[in-house]
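Trainee: My structure file query26.pdb, PDB, C-alpha atoms, is below:
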```
ATOM      1  CA  MET Z   1    -128.657  30.301  98.652  1.00  0.00           C
ATOM      2  CA  LYS Z   2    -127.817  29.922  94.937  1.00  0.00           C
ATOM      3  CA  ARG Z   3    -126.127  33.331  94.968  1.00  0.00           C
ATOM      4  CA  LEU Z   4    -123.801  32.158  97.697  1.00  0.00           C
ATOM      5  CA  TYR Z   5    -122.442  29.185  95.694  1.00  0.00           C
ATOM      6  CA  PRO Z   6    -120.240  31.200  93.288  1.00  0.00           C
ATOM      7  CA  PHE Z   7    -118.608  33.040  96.186  1.00  0.00           C
ATOM      8  CA  VAL Z   8    -118.002  29.838  98.147  1.00  0.00           C
ATOM      9  CA  LEU Z   9    -116.601  28.154  95.033  1.00  0.00           C
ATOM     10  CA  LEU Z  10    -114.318  31.128  94.330  1.00  0.00           C
ATOM     11  CA  ALA Z  11    -113.082  31.202  97.938  1.00  0.00           C
ATOM     12  CA  LEU Z  12    -112.418  27.461  97.844  1.00  0.00           C
ATOM     13  CA  CYS Z  13    -110.397  27.832  94.614  1.00  0.00           C
ATOM     14  CA  VAL Z  14    -108.310  30.631  96.129  1.00  0.00           C
ATOM     15  CA  ILE Z  15    -107.631  28.602  99.265  1.00  0.00           C
ATOM     16  CA  LEU Z  16    -106.708  25.456  97.338  1.00  0.00           C
ATOM     17  CA  THR Z  17    -104.316  27.250  94.984  1.00  0.00           C
ATOM     18  CA  GLY Z  18    -102.530  28.815  97.956  1.00  0.00           C
ATOM     19  CA  CYS Z  19    -102.048  25.470  99.692  1.00  0.00           C
ATOM     20  CA  GLY Z  20    -100.158  23.694  96.959  1.00  0.00           C
ATOM     21  CA  LYS Z  21     -96.460  24.191  96.355  1.00  0.00           C
ATOM     22  CA  ASN Z  22     -95.053  24.803  92.926  1.00  0.00           C
ATOM     23  CA  ARG Z  23     -93.942  21.326  91.813  1.00  0.00           C
ATOM     24  CA  ALA Z  24     -91.728  22.783  89.109  1.00  0.00           C
ATOM     25  CA  LEU Z  25     -89.903  24.950  91.640  1.00  0.00           C
ATOM     26  CA  GLU Z  26     -89.490  21.974  93.963  1.00  0.00           C
ATOM     27  CA  GLY Z  27     -88.136  19.892  91.060  1.00  0.00           C
ATOM     28  CA  VAL Z  28     -85.632  22.532  89.964  1.00  0.00           C
ATOM     29  CA  GLU Z  29     -84.488  23.103  93.566  1.00  0.00           C
ATOM     30  CA  SER Z  30     -84.094  19.340  94.065  1.00  0.00           C
ATOM     31  CA  PHE Z  31     -82.036  19.098  90.873  1.00  0.00           C
ATOM     32  CA  SER Z  32     -79.829  21.998  91.987  1.00  0.00           C
ATOM     33  CA  GLU Z  33     -79.239  20.374  95.395  1.00  0.00           C
ATOM     34  CA  LYS Z  34     -78.329  17.085  93.717  1.00  0.00           C
ATOM     35  CA  LEU Z  35     -75.949  18.860  91.360  1.00  0.00           C
ATOM     36  CA  ASN Z  36     -74.265  20.635  94.281  1.00  0.00           C
ATOM     37  CA  SER Z  37     -73.599  17.298  95.968  1.00  0.00           C
ATOM     38  CA  THR Z  38     -72.150  15.843  92.769  1.00  0.00           C
ATOM     39  CA  GLU Z  39     -68.453  15.187  92.428  1.00  0.00           C
ATOM     40  CA  ASN Z  40     -68.379  13.979  88.821  1.00  0.00           C
ATOM     41  CA  LEU Z  41     -70.556  15.321  86.048  1.00  0.00           C
ATOM     42  CA  LYS Z  42     -70.607  14.403  82.377  1.00  0.00           C
ATOM     43  CA  PHE Z  43     -72.811  15.283  79.414  1.00  0.00           C
ATOM     44  CA  THR Z  44     -72.799  16.061  75.716  1.00  0.00           C
ATOM     45  CA  ALA Z  45     -74.309  19.276  74.421  1.00  0.00           C
ATOM     46  CA  GLU Z  46     -75.314  20.431  70.977  1.00  0.00           C
ATOM     47  CA  LEU Z  47     -74.943  24.208  70.875  1.00  0.00           C
ATOM     48  CA  ARG Z  48     -76.278  26.785  68.502  1.00  0.00           C
ATOM     49  CA  THR Z  49     -74.461  30.053  69.107  1.00  0.00           C
ATOM     50  CA  GLU Z  50     -75.797  33.385  67.911  1.00  0.00           C
ATOM     51  CA  TYR Z  51     -73.148  35.940  66.979  1.00  0.00           C
ATOM     52  CA  ASP Z  52     -74.102  39.394  65.688  1.00  0.00           C
ATOM     53  CA  ASN Z  53     -73.644  38.366  62.053  1.00  0.00           C
ATOM     54  CA  LYS Z  54     -73.751  34.555  62.006  1.00  0.00           C
ATOM     55  CA  THR Z  55     -74.975  31.372  63.670  1.00  0.00           C
ATOM     56  CA  VAL Z  56     -72.515  28.567  64.434  1.00  0.00           C
ATOM     57  CA  GLY Z  57     -73.157  25.036  65.696  1.00  0.00           C
ATOM     58  CA  PHE Z  58     -70.943  23.021  68.029  1.00  0.00           C
ATOM     59  CA  THR Z  59     -71.157  19.650  69.741  1.00  0.00           C
ATOM     60  CA  LEU Z  60     -69.206  19.598  72.993  1.00  0.00           C
ATOM     61  CA  ASP Z  61     -68.488  17.094  75.754  1.00  0.00           C
ATOM     62  CA  PHE Z  62     -68.433  18.431  79.304  1.00  0.00           C
ATOM     63  CA  ILE Z  63     -66.716  16.614  82.170  1.00  0.00           C
ATOM     64  CA  SER Z  64     -66.147  17.908  85.684  1.00  0.00           C
ATOM     65  CA  ASP Z  65     -64.452  16.397  88.695  1.00  0.00           C
ATOM     66  CA  PRO Z  66     -62.953  17.814  91.902  1.00  0.00           C
ATOM     67  CA  ASP Z  67     -59.974  19.201  89.934  1.00  0.00           C
ATOM     68  CA  GLY Z  68     -62.100  21.367  87.623  1.00  0.00           C
ATOM     69  CA  CYS Z  69     -63.819  20.810  84.326  1.00  0.00           C
ATOM     70  CA  ALA Z  70     -62.984  20.153  80.710  1.00  0.00           C
ATOM     71  CA  VAL Z  71     -64.858  20.978  77.534  1.00  0.00           C
ATOM     72  CA  THR Z  72     -63.929  18.963  74.443  1.00  0.00           C
ATOM     73  CA  VAL Z  73     -65.013  19.739  70.894  1.00  0.00           C
ATOM     74  CA  ILE Z  74     -66.752  16.893  69.044  1.00  0.00           C
ATOM     75  CA  GLU Z  75     -68.061  18.995  66.123  1.00  0.00           C
ATOM     76  CA  PRO Z  76     -67.121  20.787  63.925  1.00  0.00           C
ATOM     77  CA  ALA Z  77     -64.756  18.113  62.675  1.00  0.00           C
ATOM     78  CA  LEU Z  78     -62.081  20.674  61.813  1.00  0.00           C
ATOM     79  CA  ILE Z  79     -61.403  21.297  65.515  1.00  0.00           C
ATOM     80  CA  ARG Z  80     -62.490  17.891  66.907  1.00  0.00           C
ATOM     81  CA  GLY Z  81     -60.564  16.791  69.968  1.00  0.00           C
ATOM     82  CA  ILE Z  82     -59.511  20.232  71.129  1.00  0.00           C
ATOM     83  CA  SER Z  83     -60.047  20.343  74.845  1.00  0.00           C
ATOM     84  CA  ALA Z  84     -60.100  23.228  77.291  1.00  0.00           C
ATOM     85  CA  HIS Z  85     -59.422  22.750  80.970  1.00  0.00           C
ATOM     86  CA  ILE Z  86     -61.298  25.460  82.783  1.00  0.00           C
ATOM     87  CA  LYS Z  87     -60.875  26.810  86.277  1.00  0.00           C
ATOM     88  CA  ASP Z  88     -62.983  29.345  88.165  1.00  0.00           C
ATOM     89  CA  GLY Z  89     -62.653  32.874  86.912  1.00  0.00           C
ATOM     90  CA  GLU Z  90     -60.869  32.066  83.653  1.00  0.00           C
ATOM     91  CA  THR Z  91     -62.352  33.604  80.555  1.00  0.00           C
ATOM     92  CA  LYS Z  92     -59.505  33.044  78.103  1.00  0.00           C
ATOM     93  CA  LEU Z  93     -59.082  29.453  77.025  1.00  0.00           C
ATOM     94  CA  VAL Z  94     -55.745  27.946  76.029  1.00  0.00           C
ATOM     95  CA  TYR Z  95     -55.340  24.438  74.674  1.00  0.00           C
ATOM     96  CA  ASP Z  96     -51.913  23.036  75.492  1.00  0.00           C
ATOM     97  CA  THR Z  97     -49.681  25.252  73.342  1.00  0.00           C
ATOM     98  CA  VAL Z  98     -52.352  26.271  70.836  1.00  0.00           C
ATOM     99  CA  ALA Z  99     -54.834  29.067  71.477  1.00  0.00           C
ATOM    100  CA  LEU Z 100     -58.195  28.901  69.738  1.00  0.00           C
ATOM    101  CA  ASP Z 101     -60.423  31.947  69.679  1.00  0.00           C
ATOM    102  CA  THR Z 102     -64.037  30.996  68.975  1.00  0.00           C
ATOM    103  CA  GLY Z 103     -65.048  34.600  69.608  1.00  0.00           C
ATOM    104  CA  ASP Z 104     -67.025  36.190  72.385  1.00  0.00           C
ATOM    105  CA  LEU Z 105     -70.807  36.312  72.142  1.00  0.00           C
ATOM    106  CA  ASP Z 106     -71.105  39.327  74.438  1.00  0.00           C
ATOM    107  CA  ASP Z 107     -69.018  41.960  76.190  1.00  0.00           C
ATOM    108  CA  PHE Z 108     -68.696  39.793  79.310  1.00  0.00           C
ATOM    109  CA  GLY Z 109     -66.716  36.839  77.908  1.00  0.00           C
ATOM    110  CA  LEU Z 110     -69.499  34.407  76.985  1.00  0.00           C
ATOM    111  CA  SER Z 111     -68.178  32.064  74.294  1.00  0.00           C
ATOM    112  CA  PRO Z 112     -69.109  28.604  73.011  1.00  0.00           C
ATOM    113  CA  MET Z 113     -66.366  27.022  75.146  1.00  0.00           C
ATOM    114  CA  SER Z 114     -67.260  28.955  78.308  1.00  0.00           C
ATOM    115  CA  SER Z 115     -71.017  28.459  77.935  1.00  0.00           C
ATOM    116  CA  LEU Z 116     -71.192  24.970  79.467  1.00  0.00           C
ATOM    117  CA  PRO Z 117     -69.219  25.825  82.631  1.00  0.00           C
ATOM    118  CA  LEU Z 118     -71.379  28.954  82.989  1.00  0.00           C
ATOM    119  CA  LEU Z 119     -74.517  26.851  82.510  1.00  0.00           C
ATOM    120  CA  VAL Z 120     -73.441  24.327  85.150  1.00  0.00           C
ATOM    121  CA  ASP Z 121     -72.627  27.154  87.569  1.00  0.00           C
ATOM    122  CA  ALA Z 122     -76.064  28.697  86.959  1.00  0.00           C
ATOM    123  CA  MET Z 123     -77.778  25.345  87.559  1.00  0.00           C
ATOM    124  CA  LYS Z 124     -75.867  24.984  90.841  1.00  0.00           C
ATOM    125  CA  ASN Z 125     -75.811  28.516  92.204  1.00  0.00           C
ATOM    126  CA  GLY Z 126     -78.208  30.691  90.220  1.00  0.00           C
ATOM    127  CA  PHE Z 127     -81.271  32.402  91.636  1.00  0.00           C
ATOM    128  CA  ILE Z 128     -84.465  30.713  90.450  1.00  0.00           C
ATOM    129  CA  GLU Z 129     -86.605  33.651  89.410  1.00  0.00           C
ATOM    130  CA  SER Z 130     -89.602  31.584  88.276  1.00  0.00           C
ATOM    131  CA  ALA Z 131     -90.527  27.970  87.583  1.00  0.00           C
ATOM    132  CA  TRP Z 132     -93.404  26.319  85.754  1.00  0.00           C
ATOM    133  CA  GLU Z 133     -94.448  23.054  84.133  1.00  0.00           C
ATOM    134  CA  GLU Z 134     -94.778  22.750  80.363  1.00  0.00           C
ATOM    135  CA  ASN Z 135     -95.072  19.717  78.034  1.00  0.00           C
ATOM    136  CA  GLY Z 136     -93.870  17.184  80.610  1.00  0.00           C
ATOM    137  CA  GLU Z 137     -90.912  19.325  81.649  1.00  0.00           C
ATOM    138  CA  TYR Z 138     -90.079  21.603  84.533  1.00  0.00           C
ATOM    139  CA  CYS Z 139     -88.909  24.975  83.251  1.00  0.00           C
ATOM    140  CA  ALA Z 140     -87.110  27.695  85.152  1.00  0.00           C
ATOM    141  CA  ASP Z 141     -85.750  31.155  84.592  1.00  0.00           C
ATOM    142  CA  ILE Z 142     -82.460  31.364  86.470  1.00  0.00           C
ATOM    143  CA  ILE Z 143     -80.441  34.502  87.135  1.00  0.00           C
ATOM    144  CA  ALA Z 144     -76.774  33.493  86.917  1.00  0.00           C
ATOM    145  CA  SER Z 145     -75.255  36.979  87.239  1.00  0.00           C
ATOM    146  CA  ASP Z 146     -75.976  40.589  86.360  1.00  0.00           C
ATOM    147  CA  GLU Z 147     -74.908  39.788  82.803  1.00  0.00           C
ATOM    148  CA  LEU Z 148     -76.311  36.284  82.276  1.00  0.00           C
ATOM    149  CA  SER Z 149     -79.594  34.475  82.759  1.00  0.00           C
ATOM    150  CA  VAL Z 150     -80.575  30.944  81.820  1.00  0.00           C
ATOM    151  CA  GLN Z 151     -83.849  29.347  80.861  1.00  0.00           C
ATOM    152  CA  LEU Z 152     -83.592  25.680  81.837  1.00  0.00           C
ATOM    153  CA  ARG Z 153     -85.776  22.687  80.997  1.00  0.00           C
ATOM    154  CA  LEU Z 154     -85.703  19.488  83.069  1.00  0.00           C
ATOM    155  CA  ASP Z 155     -87.407  16.185  82.342  1.00  0.00           C
ATOM    156  CA  LYS Z 156     -90.218  16.109  84.900  1.00  0.00           C
ATOM    157  CA  TYR Z 157     -89.664  12.469  85.839  1.00  0.00           C
ATOM    158  CA  THR Z 158     -85.881  12.046  85.811  1.00  0.00           C
ATOM    159  CA  LEU Z 159     -84.945  15.638  86.726  1.00  0.00           C
ATOM    160  CA  ARG Z 160     -82.309  15.605  84.003  1.00  0.00           C
ATOM    161  CA  PRO Z 161     -81.741  18.754  81.986  1.00  0.00           C
ATOM    162  CA  THR Z 162     -82.839  18.554  78.359  1.00  0.00           C
ATOM    163  CA  HIS Z 163     -82.427  22.096  77.056  1.00  0.00           C
ATOM    164  CA  ALA Z 164     -81.112  25.477  78.129  1.00  0.00           C
ATOM    165  CA  GLU Z 165     -80.869  28.943  76.674  1.00  0.00           C
ATOM    166  CA  LEU Z 166     -78.181  31.369  77.814  1.00  0.00           C
ATOM    167  CA  ILE Z 167     -79.388  34.949  77.625  1.00  0.00           C
ATOM    168  CA  SER Z 168     -77.085  37.950  77.618  1.00  0.00           C
ATOM    169  CA  GLU Z 169     -77.583  41.559  76.606  1.00  0.00           C
ATOM    170  CA  GLY Z 170     -81.327  40.960  76.289  1.00  0.00           C
ATOM    171  CA  ARG Z 171     -81.274  38.075  73.822  1.00  0.00           C
ATOM    172  CA  VAL Z 172     -80.543  34.362  73.620  1.00  0.00           C
ATOM    173  CA  LYS Z 173     -76.887  33.892  72.683  1.00  0.00           C
ATOM    174  CA  VAL Z 174     -76.549  30.114  73.140  1.00  0.00           C
ATOM    175  CA  PHE Z 175     -79.144  27.366  72.651  1.00  0.00           C
ATOM    176  CA  VAL Z 176     -78.090  24.090  74.326  1.00  0.00           C
ATOM    177  CA  ASP Z 177     -79.592  20.622  73.804  1.00  0.00           C
ATOM    178  CA  ILE Z 178     -78.259  18.349  76.550  1.00  0.00           C
ATOM    179  CA  LYS Z 179     -77.698  14.627  75.954  1.00  0.00           C
ATOM    180  CA  ASP Z 180     -76.471  11.751  78.155  1.00  0.00           C
ATOM    181  CA  PHE Z 181     -76.486  13.745  81.395  1.00  0.00           C
ATOM    182  CA  GLN Z 182     -74.740  11.724  84.120  1.00  0.00           C
ATOM    183  CA  CYS Z 183     -73.769  12.748  87.618  1.00  0.00           C
ATOM    184  CA  GLU Z 184     -72.365  10.857  90.558  1.00  0.00           C
ATOM    185  CA  LYS Z 185     -73.443  11.993  94.011  1.00  0.00           C
ATOM    186  CA  THR Z 186     -70.861  12.057  96.757  1.00  0.00           C
ATOM    187  CA  THR Z 187     -73.115  12.718  99.717  1.00  0.00           C
TER
END
```
Would you mind giving the structure from this file in structure tokens?
Mentor:
Amino acid sequence: MKRLYPFVLLALCVILTGCGKNRALEGVESFSEKLNSTENLKFTAELRTEYDNKTVGFTLDFISDPDGCAVTVIEPALIRGISAHIKDGETKLVYDTVALDTGDLDDFGLSPMSSLPLLVDAMKNGFIESAWEENGEYCADIIASDELSVQLRLDKYTLRPTHAELISEGRVKVFVDIKDFQCEKTT
């Protein structure tokens, strides 16, 4: 009878692990659904961008509404207040009559100013490849496109994003710390 206990215990463990759903996946899916029903979204992000030969930091405000989205530079102070109004499919950013080139981070148009709209699109529409729980956060690897993937971290209790990494050409190009995330549901 004692020989039977390990097998029964092992079978019970296998059955119990198969019955539970992945809470992290459920949390990330719930967040994505909420974001898709949101009309207005606002947050501040501290970015660290990795170019081939340098690292540059930015602090940006992101605001979206039914008319599109805007990214406004907070830091560096030299370009503070410059704002880009972004529409779907645009990769070149023009600010009123002045054009500012922050440089592309990859061959597909990823730049500091385009990174937040791409991140929001990935959080809304990306394919969740895997999800797990780590240090009180839900984490997910999200496939945004053939060229871009995102690793996202959500606060486990509030389901607000805290950090993201945008990965292109096999390496992290943009590290994003997300602050003051606010969204208004419409449905």
Trainee: Check what the PyMOL selection byres ((chain Z and resi 127) around 10) selects in the file above and give those residues as a list in words.
Mentor: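 Output of the PyMOL selection byres ((chain Z and resi 127) around 10): Ala122, Met123, Lys124, Asn125, Gly126, Ile128, Glu129, Ser130, Ala140, Asp141, Ile142, Ile143, Ala144, Ser145, Ser149 and Val150 of chain Z.
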Trainee: Neighbours of Asp155 in chain Z within 8 Å (all atoms listed in the file; same-chain residues fewer than 3 positions away dropped), as a list in words?
Mentor: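 Counting only the stated atoms, we get Gly136, Glu137, Tyr138, Thr158, Leu159, Arg160, Pro161 and Thr162 of chain Z.
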Trainee: May I have the residues from that selection written out with C-alpha atoms, as a tab-separated table (two decimals), keeping the file's coordinate frame?
Mentor:
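New file selection03.tsv:
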```tsv
chain	number	residue	atom	x	y	z
Z	136	GLY	CA	-93.87	17.18	80.61
Z	137	GLU	CA	-90.91	19.32	81.65
Z	138	TYR	CA	-90.08	21.60	84.53
Z	158	THR	CA	-85.88	12.05	85.81
Z	159	LEU	CA	-84.94	15.64	86.73
Z	160	ARG	CA	-82.31	15.60	84.00
Z	161	PRO	CA	-81.74	18.75	81.99
Z	162	THR	CA	-82.84	18.55	78.36
```
Trainee: Restricting the calculation to only C-alpha atoms, which member of Z:His85, Z:Lys54, Z:Arg153, Z:Arg48 is positioned closest to Ala24 in chain Z?
Mentor: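 The shortest atom-to-atom distance to Ala24 in chain Z comes from Z:Arg153.
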Trainee: With distances taken over only C-alpha atoms, which of Z:Thr49, Z:Pro66, Z:Ile178, Z:Phe58 is nearest to Leu78 in chain Z?
Mentor: Z:Phe58
Trainee: What is the distance, in Å and to one decimal place, between CA of Leu154 in chain Z and CA of Gly27 in chain Z?
Mentor: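 CA of Gly27 in chain Z lies at a distance of 8.4 Å from CA of Leu154 in chain Z.
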Trainee: Would you kindly translate the PyMOL selection byres ((chain Z and resi 113) around 9) into the concrete residues it picks from this file, as a list of chain:residue names?
Mentor: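 After applying the PyMOL selection byres ((chain Z and resi 113) around 9), what remains is Z:Leu60, Z:Val71, Z:Thr72, Z:Val73, Z:Ala84, Z:Leu93, Z:Thr102, Z:Leu110, Z:Ser111, Z:Pro112, Z:Ser114, Z:Ser115, Z:Leu116, Z:Pro117.
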Trainee: Report the residues retrieved by the PyMOL selection byres ((chain Z and resi 36-40) around 6) from the displayed file, expressed as a PyMOL selection string.
Mentor: chain Z and resi 33-35+41+64-65+124+183-187
Trainee: When you draw a straight line from CA of Val176 in chain Z to CA of Tyr157 in chain Z, how long is it in Å?
Mentor: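 Between these atoms lies a distance of 20.0 Å.
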Trainee: Kindly give the distance, in Å, that separates CA of Glu46 in chain Z and CA of Leu152 in chain Z, rounded to a single decimal.
Mentor: 14.6 Å
Trainee: Smallest atom-to-atom distance to Asp180 in chain Z: which of Z:Tyr51, Z:Ser83, Z:His163, Z:Phe31, using only C-alpha atoms?
Mentor: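 Of all the options, Z:His163 lies closest to Asp180 in chain Z.
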Trainee: For range 165-170 of chain Z, work out the shell of residues within 6 Å, counting only C-alpha atoms and skipping chain neighbours fewer than 3 positions away, then give it as a ChimeraX atom specification.
Mentor: /Z:147-151,173-175
Trainee: Identify which of the residues Z:Asp146, Z:Asp67, Z:Glu50, Z:Glu133 lies closest to Leu25 in chain Z, counting only C-alpha atoms when measuring atom-to-atom distances.
Mentor: Z:Glu133
Trainee: Only N, CA, C and O atoms, as a PDB file, in the first residue's frame: that is what I want for range 42-54 of chain Z.
Mentor:
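Output (decode20.pdb):
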```pdb
ATOM      1  N   LYS Z  42      -4.556  57.902 -20.529  1.00  0.00           N
ATOM      2  CA  LYS Z  42      -3.517  58.876 -20.215  1.00  0.00           C
ATOM      3  C   LYS Z  42      -2.503  58.227 -19.283  1.00  0.00           C
ATOM      4  O   LYS Z  42      -2.878  57.531 -18.332  1.00  0.00           O
ATOM      5  N   PHE Z  43      -1.209  58.459 -19.566  1.00  0.00           N
ATOM      6  CA  PHE Z  43      -0.163  58.021 -18.653  1.00  0.00           C
ATOM      7  C   PHE Z  43       1.137  58.747 -18.978  1.00  0.00           C
ATOM      8  O   PHE Z  43       1.282  59.363 -20.026  1.00  0.00           O
ATOM      9  N   THR Z  44       2.053  58.675 -18.026  1.00  0.00           N
ATOM     10  CA  THR Z  44       3.394  59.214 -18.200  1.00  0.00           C
ATOM     11  C   THR Z  44       4.345  58.035 -18.243  1.00  0.00           C
ATOM     12  O   THR Z  44       4.162  57.055 -17.511  1.00  0.00           O
ATOM     13  N   ALA Z  45       5.351  58.126 -19.102  1.00  0.00           N
ATOM     14  CA  ALA Z  45       6.301  57.031 -19.238  1.00  0.00           C
ATOM     15  C   ALA Z  45       7.726  57.561 -19.229  1.00  0.00           C
ATOM     16  O   ALA Z  45       8.028  58.559 -19.882  1.00  0.00           O
ATOM     17  N   GLU Z  46       8.560  56.879 -18.468  1.00  0.00           N
ATOM     18  CA  GLU Z  46       9.994  57.157 -18.494  1.00  0.00           C
ATOM     19  C   GLU Z  46      10.622  56.090 -19.383  1.00  0.00           C
ATOM     20  O   GLU Z  46      10.517  54.893 -19.091  1.00  0.00           O
ATOM     21  N   LEU Z  47      11.233  56.533 -20.471  1.00  0.00           N
ATOM     22  CA  LEU Z  47      11.817  55.625 -21.450  1.00  0.00           C
ATOM     23  C   LEU Z  47      13.331  55.628 -21.378  1.00  0.00           C
ATOM     24  O   LEU Z  47      13.939  56.678 -21.167  1.00  0.00           O
ATOM     25  N   ARG Z  48      13.892  54.467 -21.574  1.00  0.00           N
ATOM     26  CA  ARG Z  48      15.321  54.347 -21.833  1.00  0.00           C
ATOM     27  C   ARG Z  48      15.430  53.662 -23.189  1.00  0.00           C
ATOM     28  O   ARG Z  48      14.976  52.535 -23.366  1.00  0.00           O
ATOM     29  N   THR Z  49      15.972  54.385 -24.167  1.00  0.00           N
ATOM     30  CA  THR Z  49      16.044  53.866 -25.520  1.00  0.00           C
ATOM     31  C   THR Z  49      17.476  53.432 -25.824  1.00  0.00           C
ATOM     32  O   THR Z  49      18.430  54.118 -25.484  1.00  0.00           O
ATOM     33  N   GLU Z  50      17.594  52.303 -26.475  1.00  0.00           N
ATOM     34  CA  GLU Z  50      18.893  51.717 -26.779  1.00  0.00           C
ATOM     35  C   GLU Z  50      19.163  51.809 -28.283  1.00  0.00           C
ATOM     36  O   GLU Z  50      18.621  51.044 -29.064  1.00  0.00           O
ATOM     37  N   TYR Z  51      19.990  52.776 -28.658  1.00  0.00           N
ATOM     38  CA  TYR Z  51      20.459  52.871 -30.040  1.00  0.00           C
ATOM     39  C   TYR Z  51      21.684  51.975 -30.180  1.00  0.00           C
ATOM     40  O   TYR Z  51      22.184  51.438 -29.188  1.00  0.00           O
ATOM     41  N   ASP Z  52      22.202  51.840 -31.398  1.00  0.00           N
ATOM     42  CA  ASP Z  52      23.381  50.993 -31.601  1.00  0.00           C
ATOM     43  C   ASP Z  52      24.595  51.505 -30.835  1.00  0.00           C
ATOM     44  O   ASP Z  52      25.387  50.719 -30.334  1.00  0.00           O
ATOM     45  N   ASN Z  53      24.729  52.833 -30.732  1.00  0.00           N
ATOM     46  CA  ASN Z  53      25.947  53.386 -30.128  1.00  0.00           C
ATOM     47  C   ASN Z  53      25.702  54.280 -28.915  1.00  0.00           C
ATOM     48  O   ASN Z  53      26.626  54.914 -28.426  1.00  0.00           O
ATOM     49  N   LYS Z  54      24.466  54.352 -28.432  1.00  0.00           N
ATOM     50  CA  LYS Z  54      24.191  55.199 -27.271  1.00  0.00           C
ATOM     51  C   LYS Z  54      22.865  54.809 -26.612  1.00  0.00           C
ATOM     52  O   LYS Z  54      22.038  54.127 -27.202  1.00  0.00           O
TER      53      LYS Z  54
END
```
